[in-house]
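I have placed the structure first, in the form of structure tokens, so that the comments after it can refer back to it.
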4 protein chains.
Amino acid sequence: MIRFALFGCGRIGRVHADSIDVHPRAELAWVYDPIESAALEVGKRYGAATAPDVDAAMDDPNVDAVVIASATPTHVDLLTRAARAGKAVLCEKPIDLDIARVDRCWTEIAALNPTVMIGFNRRFDPSFREVRERIAAGDIGRLEQLIIVSRDPAPAPREYIAASGGLFRDMTIHDFDLARFFLGEVVEVYATGANVVADFIADLGDIDSAVTVLRGSDGALCHITNIRRSVFGYDQRLEAFGSDGMLSVENQRPTSVRLSTATQTEAAGEYLNFFLDRYTTAYRAELDHLITAMEKGDQPSPGFSDGREALALADAALESLKTGSTVRLGSP
Amino acid sequence: MIRFALFGCGRIGRVHADSIDVHPRAELAWVYDPIESAALEVGKRYGAATAPDVDAAMDDPNVDAVVIASATPTHVDLLTRAARAGKAVLCEKPIDLDIARVDRCWTEIAALNPTVMIGFNRRFDPSFREVRERIAAGDIGRLEQLIIVSRDPAPAPREYIAASGGLFRDMTIHDFDLARFFLGEVVEVYATGANVVADFIADLGDIDSAVTVLRGSDGALCHITNIRRSVFGYDQRLEAFGSDGMLSVENQRPTSVRLSTATQTEAAGEYLNFFLDRYTTAYRAELDHLITAMEKGDQPSPGFSDGREALALADAALESLKTGSTVRLGSP
Amino acid sequence: MIRFALFGCGRIGRVHADSIDVHPRAELAWVYDPIESAALEVGKRYGAATAPDVDAAMDDPNVDAVVIASATPTHVDLLTRAARAGKAVLCEKPIDLDIARVDRCWTEIAALNPTVMIGFNRRFDPSFREVRERIAAGDIGRLEQLIIVSRDPAPAPREYIAASGGLFRDMTIHDFDLARFFLGEVVEVYATGANVVADFIADLGDIDSAVTVLRGSDGALCHITNIRRSVFGYDQRLEAFGSDGMLSVENQRPTSVRLSTATQTEAAGEYLNFFLDRYTTAYRAELDHLITAMEKGDQPSPGFSDGREALALADAALESLKTGSTVRLGSP
Amino acid sequence: MIRFALFGCGRIGRVHADSIDVHPRAELAWVYDPIESAALEVGKRYGAATAPDVDAAMDDPNVDAVVIASATPTHVDLLTRAARAGKAVLCEKPIDLDIARVDRCWTEIAALNPTVMIGFNRRFDPSFREVRERIAAGDIGRLEQLIIVSRDPAPAPREYIAASGGLFRDMTIHDFDLARFFLGEVVEVYATGANVVADFIADLGDIDSAVTVLRGSDGALCHITNIRRSVFGYDQRLEAFGSDGMLSVENQRPTSVRLSTATQTEAAGEYLNFFLDRYTTAYRAELDHLITAMEKGDQPSPGFSDGREALALADAALESLKTGSTVRLGSP
């Protein structure tokens with residue numbers, strides 16, 4: 001039985017609490033949140049103790065692993081403390097908005113050889129995973145082009161956007177990681193964007209629509225399309241085109257009902273609404289991966305360096321957005 | 001070059017005139033219709049002479065083949081005269097509404113060994129044909145279950161229905177032939193029906209909704225669903241289920257556009273509207289089959305006996321509708 | 001908290017144990033199975049006591065409800081005892097293979113006004129349920145034709161089939177209930193069948209392929225296609241055709257991946273394998289319905305009479321299979 | 001009746017000959033090709049005279065319009081001569097590979113106010129056209145993102161590629177025009193490419209895989225994915241994403257058959273093989289548009305300037321490929 005402490009009891013924290021709860025070999029021992037009512041609510045629901053402060057949970061020798069689902073600026077401190085305390089870590093993305101701080105964090109903990117997993121949940125989506133396995137099995141030959149479409153149903157609130165680090169570090173970062181999951185290392189980044197969704201996003205100096213082009217080290221090209229509002233719901237698709245075929249991942253729906261009427265045929269219903277619905281299975285598989293890795297003494301994946309590289313791609317995209325030119329990435 | 005005379009210049013006659021017109025090795029020599037204006041219009045459009053009477057066209061030694069697309073009661077006479085005149089025949093379904101008359105017709109012409117093809121156009125639909133060829137190629141093993149859905153967009157007018165011989169002889173007859181195309185001989189028929197579409201159809205003593213069950217001589221079961229009104233359009237589908245898989249034919253649309261909005265996803269447009277649109281290719285392939293058979297000296301298929309057997313199935317369905325019991329078919 | 005006793009720890013018993021386990025307001029108190037090892041295994045997994053005999057569980061005053069998932073011949077006795085003990089009941093289908101015994105059971109318990117739910121899980125499938133709700137909301141006007149396709153991936157073992165009561169009482173019974181869910185009362189039944197899957201089924205005097213036609217009291221026609229082996233997996237589809245449109249339920253898959261290669265395009269993967277996978281959500285919603293009904297003091301649905309009527313339809317189908325004629329049903 | 005002269009009797013020339021042949025108000029009077037046998041073959045097939053030289057056809061006062069389907073370097077001369085001779089022109093893309101020459105051509109003929117249409121056939125594809133009309137009708141609100149996928153089944157021969165002007169001017173030019181059809185004017189271009197298909201293409205200094213990003217004057221972003229080999233066939237898709245929804249165009253197949261087996265479900269067949277099959281309807285609609293415009297005295301569209309602008313985008317893409325930077329376009 002792996003005993004967990006959870007830091008952060010907001011939306012994503014609750015997802016992880018739920019995954020821990022249903023896992024047969026995991027137990028939620030502690031929850032902590034600066035907003036005490038949130039911690040109490042989650043603690044009560046899952047039968048976990050509410051930690052009065054970070055230390056109470058972090059220093060408990062019975063805790064094996066921590067989940068960091070708190071506000072982004074707190075990630076590095078919590079991650080560092082957890083590593084020092086010898087706990088395994090599942091840290092939500094991004095590690096931090098400042099890549100220099102990320103690198104300092106690693107410098108500080110590398111010698112501890114910590115068990116760190118970054119919460120890029122999409123790698124654990126059964127459909128994306130199947131595509132990767134089938135590429136590895138040779139179903140489409142050599143991967144040559146990758147198309148990722150990732151659209152949120154509606155923009156997050158102003159406060160969230162303001163603290164998010166911008167579209168690339170907040171939203172595209174998932175797609176950067178997904179691209180790396182398929183392409184391996186990325187050697188070039190180009191990005192451009194627009195403001196078409198909400199004035200407040202432009203006011204914050206951020207974009208709300210973007211197209212990003214990546215080149216993998218083996219010549220495969222990838223483009224990513226993002227926007228912060230899609231009226232028909234969470235649009236999460238992927239096409240992997242290769243020398244011998246193509247594998248694609250379609251959107252997913254809660255039911256398989258279709259309607260034909262006098263004005264249309266075979267209209268389907270709405271997609272799984274947002275990440276909590278679409279990626280439920282992925283979040284659970286992600287946690288299971290960490291637990292299984294801990295049991296076997298393996299390093300989980302994606303690890304710290306994957307979190308670092310996705311952030312580096314986001315930074316490169318931001319630079320490209322400003323300069324209008326391709327950014328070439330050095331060796332990590 | 002095969003020279004054709006066309007009897008009947010209504011809707012289906014024009015379809016055949018068009019097929020003859022675009023066929024590189026066919027020519028429309030004569031058209032005839034008791035409504036002279038119809039004959040004149042079609043003749044003018046396709047550069048054919050308008051026959052003042054049947055004889056003028058039927059007795060022209062330069063005519064190689066006739067298309068019988070006139071009113072059903074005239075089919076047997078025209079077919080008999082054409083056979084005697086040594087012309088090849090493409091006769092629209094049904095040969096006649098009275099199977100005894102059909103049998104007498106054959107008795108009269110059999111010795112002439114006439115070249116007769118019956119207009120069961122669906123056998124020439126590229127999708128249905130592909131299914132048959134793939135079954136023959138073993139793609140789904142042994143055929144065990146066949147599901148045919150055939151729904152018209154809207155009921156024909158009262159006068160048409162009144163003269164049609166009823167749902168089974170007019171509409172299901174196409175599905176009976178299609179079933180025979182896949183199953184081979186049919187040994188049992190069960191049918192039931194309902195009146196849900198239009199009062200005038202009930203007033204005529206006819207049904208407007210039907211379910212028919214067939215058993216093939218090799219144990220395969222088939223059911224056919226018909227209705228005379230489908231608000232979403234002409235619904236023409238088929239599923240062939242076998243020991244090793246299933247082949248299905250979906251409906252077809254003029255474009256491949258799909259629309260996702262706030263209330264639905266991937267809604268497609270309307271289907272090809274009715275038989276003239278859905279089966280354009282089939283009608284042309286049907287004519288080409290006749291022409292090719294004539295050139296090679298082969299008998300075209302489906303032939304006279306196929307027209308007779310489909311009618312026998314319609315009669316059996318009608319009997320079953322009345323008795324509520326399975327009708328077993330003797331050897332033809 | 002509703003406390004359950006589970007009778008029968010086989011495949012379907014475990015499904016219910018799991019549903020109870022994950023339900024926030026339910027608890028599995030007792031498990032019983034004549035095969036002690038099965039009971040021990042399930043009891044251990046879900047933290048329930050293993051009952052040495054039926055009485056121990058049935059007479060426990062702390063038990064609120066029982067789930068009857070044991071062999072069919074034991075259903076009536078357990079159901080009767082539970083009703084007398086004042087427990088709510090979720091009884092797997094069929095209540096019994098002998099409708100006379102079912103009727104005697106009801107005679108015996110009716111005065112107790114028992115809370116009885118029959119395990120027709122498909123009514124709780126989100127897709128089928130959505131179709132029913134949308135029909136009720138008027139999305140397709142008046143229901144006129146219903147097509148149900150229900151194919152098992154592979155035949156059950158000989159012993160199972162031998163004790164099953166035959167295809168109609170064992171397999172089609174789910175479809176009969178589903179038909180009633182949409183059509184309301186059924187007034188006519190016709191059925192026919194064939195043996196195409198496995199010799200041992202014919203040897204047992206049973207069929208393995210069937211087509212059934214139903215007529216609802218309002219004139220809607222329904223047909224059901226069954227077979228005991230589908231190489232491409234569990235085939236569970238439905239089409240509800242109405243005066244204003246059609247709602248259909250497609251098969252469902254664990255992922256949304258599609259593959260295009262040199263020989264095919266957009267090939268999808270296998271379907272959810274069998275009822276445990278396809279109807280997981282349905283089984284949980286079914287249990288939740290019972291619990292909510294108990295909490296509110298409502299009768300759950302489908303109830304005893306629904307179990308009785310589905311069996312009556314199976315019996316009528318069997319009679320029709322033997323006579324080749326439509327069977328008309330009297331008022332229940 | 002519009003009388004045509006056709007210059008160039010290769011693959012695309014024959015497409016136009018066929019469109020003229022089936023058009024009820026058009027007639028093919030002359031054909032010319034420097035390879036006499038090609039001209040003779042096409043002339044014979046469609047009943048047109050074979051011109052001994054360009055003049056014979058161009059100077060015939062009975063010729064109303066010319067189709068220029070000859071080698072690209074001959075386009076400007078033929079177009080200029082036709083304009084001077086007062087003939088309407090349908091000129092295949094590109095007008096020329098050298099934009100300076102294109103501009104000089106226009107300078108020379110502008111005063112003649114010639115009727116010139118450029119053969120961007122995709123604008124006449126019923127699916128793409130429907131998307132445009134539905135956008136205009138407000139179905140998806142404001143257009144914000146456009147995704148075009150355009151993949152050829154197999155690379156053209158070395159000689160073709162060598163003379164083609166490169167991927168952007170030869171292949172992407174269709175997508176540039178399609179993008180303009182939806183976006184209106186394009187203000188920015190970014191392009192990158194790779195060599196993954198065939199060594200001979202790299203040897204010619206050309207790329208065989210490309211991703212292009214465009215920005216429309218109203219802020220919409222577009223990306224185009226091209227490759228010169230797709231084993232599953234001609235891949236021609238489009239997604240138009242807007243503030244209120246999304247319209248997409250799927251690939252199209254000759255039949256609607258799907259196959260489910262033990263290893264896959266609902267696999268469809270191959271796509272319409274290449275442009276001759278996929279765009280048959282488009283080519284005919286294109287010709288009909290020219291004829292109708294001539295009859296009404298309207299300028300057809302796309303016109304000379306559309307041909308010029310698509311080439312300007314191709315040139316900009318090539319520049320971006322070389323510099324790695326966004327190219328901003330001035331006013332045309």
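By convention in this document, the chains of the structure tokens carry letters A, B, ... by their order, each chain's residues are numbered from 1, and ligands are numbered from 1 in the order they are shown.
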Where does chain A meet chain B within 9 Å, residue by residue, with the nearest atom pair and distance in Å to one decimal for each, counting only C-alpha atoms, listed by chain and rising number, as a tab-separated table?
residue	atom	partner	partner_atom	distance
A:Ser230	CA	B:Ala262	CA	8.5
A:Val231	CA	B:Ala262	CA	5.0
A:Phe232	CA	B:Ala262	CA	4.5
A:Gly233	CA	B:Ala262	CA	7.4
A:Arg258	CA	B:Ala267	CA	8.7
A:Leu259	CA	B:Ala267	CA	8.4
A:Ser260	CA	B:Phe232	CA	6.0
A:Thr261	CA	B:Phe232	CA	4.9
A:Ala262	CA	B:Phe232	CA	4.5
A:Thr263	CA	B:Glu270	CA	6.8
A:Gln264	CA	B:Gly269	CA	4.9
A:Thr265	CA	B:Ala268	CA	5.0
A:Glu266	CA	B:Ala267	CA	5.7
A:Ala267	CA	B:Ala267	CA	3.7
A:Ala268	CA	B:Thr265	CA	5.0
A:Gly269	CA	B:Gln264	CA	4.9
A:Glu270	CA	B:Gln264	CA	5.5
A:Tyr271	CA	B:Thr265	CA	7.6
Spatial neighbours of Pro61 (chain A), max dist 10 Å, only C-alpha atoms, sep filter under 2 positions, as a PyMOL selection string: chain A and resi 3+57-59+63-64+85-87
Region 134-140 of chain A surroundings by only C-alpha atoms, 9 Å radius, close-in-sequence under 3 positions cut, as a ChimeraX atom specification: /A:129-131,143,182,240-247 /C:259-261
I need the residues from that last selection saved to file as an mmCIF file, in the first residue's frame (with N, CA and C atoms), if you can.
data_model
loop_
_atom_site.group_PDB
_atom_site.id
_atom_site.type_symbol
_atom_site.label_atom_id
_atom_site.label_comp_id
_atom_site.auth_asym_id
_atom_site.auth_seq_id
_atom_site.Cartn_x
_atom_site.Cartn_y
_atom_site.Cartn_z
ATOM 1 N N ARG A 129 -2.038 6.587 -26.166
ATOM 2 C CA ARG A 129 -1.083 5.518 -25.842
ATOM 3 C C ARG A 129 -1.126 4.409 -26.906
ATOM 4 N N GLU A 130 -2.336 4.079 -27.315
ATOM 5 C CA GLU A 130 -2.450 3.037 -28.349
ATOM 6 C C GLU A 130 -1.752 3.477 -29.635
ATOM 7 N N VAL A 131 -1.916 4.753 -29.985
ATOM 8 C CA VAL A 131 -1.250 5.239 -31.198
ATOM 9 C C VAL A 131 0.261 5.077 -31.071
ATOM 10 N N LEU A 143 7.239 7.687 -38.697
ATOM 11 C CA LEU A 143 6.395 8.860 -38.456
ATOM 12 C C LEU A 143 6.949 10.064 -39.212
ATOM 13 N N PHE A 182 5.681 11.497 -29.069
ATOM 14 C CA PHE A 182 5.659 10.846 -30.380
ATOM 15 C C PHE A 182 6.927 11.094 -31.184
ATOM 16 N N ALA A 240 -1.322 10.899 -36.612
ATOM 17 C CA ALA A 240 0.077 10.533 -36.803
ATOM 18 C C ALA A 240 0.183 9.901 -38.180
ATOM 19 N N PHE A 241 0.849 10.619 -39.073
ATOM 20 C CA PHE A 241 0.966 10.170 -40.464
ATOM 21 C C PHE A 241 2.354 9.576 -40.684
ATOM 22 N N GLY A 242 2.397 8.411 -41.279
ATOM 23 C CA GLY A 242 3.689 7.777 -41.502
ATOM 24 C C GLY A 242 3.847 7.261 -42.913
ATOM 25 N N SER A 243 4.994 6.695 -43.155
ATOM 26 C CA SER A 243 5.316 6.205 -44.500
ATOM 27 C C SER A 243 4.382 5.072 -44.941
ATOM 28 N N ASP A 244 3.777 4.367 -43.995
ATOM 29 C CA ASP A 244 2.906 3.241 -44.363
ATOM 30 C C ASP A 244 1.454 3.408 -43.932
ATOM 31 N N GLY A 245 1.083 4.573 -43.429
ATOM 32 C CA GLY A 245 -0.318 4.738 -43.031
ATOM 33 C C GLY A 245 -0.504 5.864 -42.045
ATOM 34 N N MET A 246 -1.686 5.943 -41.487
ATOM 35 C CA MET A 246 -2.001 7.014 -40.549
ATOM 36 C C MET A 246 -2.839 6.463 -39.408
ATOM 37 N N LEU A 247 -2.514 6.874 -38.204
ATOM 38 C CA LEU A 247 -3.326 6.574 -37.026
ATOM 39 C C LEU A 247 -3.909 7.880 -36.521
ATOM 40 N N LEU C 259 -7.189 3.604 -38.057
ATOM 41 C CA LEU C 259 -5.997 3.327 -38.856
ATOM 42 C C LEU C 259 -6.323 3.315 -40.345
ATOM 43 N N SER C 260 -5.545 4.066 -41.112
ATOM 44 C CA SER C 260 -5.633 4.013 -42.573
ATOM 45 C C SER C 260 -4.327 3.460 -43.116
ATOM 46 N N THR C 261 -4.425 2.529 -44.025
ATOM 47 C CA THR C 261 -3.219 1.964 -44.635
ATOM 48 C C THR C 261 -3.449 1.835 -46.140
#
Where does DSSP see helix (DSSP H, G or I) in region 1-171 of chain D, if you list the residues as a PyMOL selection string? chain D and resi 11-22+36-46+54-58+72-84+99-112+121-124+126-136+158-162+167-171
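The neighbours of Leu311 (chain D) here are the residues that come within 10 Å of it, using only C-alpha atoms and leaving out any residue fewer than 2 positions away in the same chain; they are Lys93, Pro94, Ile95, Asp96, Leu97, Asp98, Ile99, Val102, Phe168, Arg169, Asp170, Thr172, Ile173, His174, Phe176, Asp177, Ser305, Asp306, Gly307, Arg308, Glu309, Leu313, Ala314, Asp315, Ala316 and Ala317 of chain D.
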In region 21-110 of chain C, what's strand (DSSP E) per DSSP? Answer as a VMD selection string? chain C and resid 26 to 32 49 to 50 65 to 68 88 to 91
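Take CA of Asp218 (chain B) and CA of Leu183 (chain B): the distance between them is 7.9 Å.
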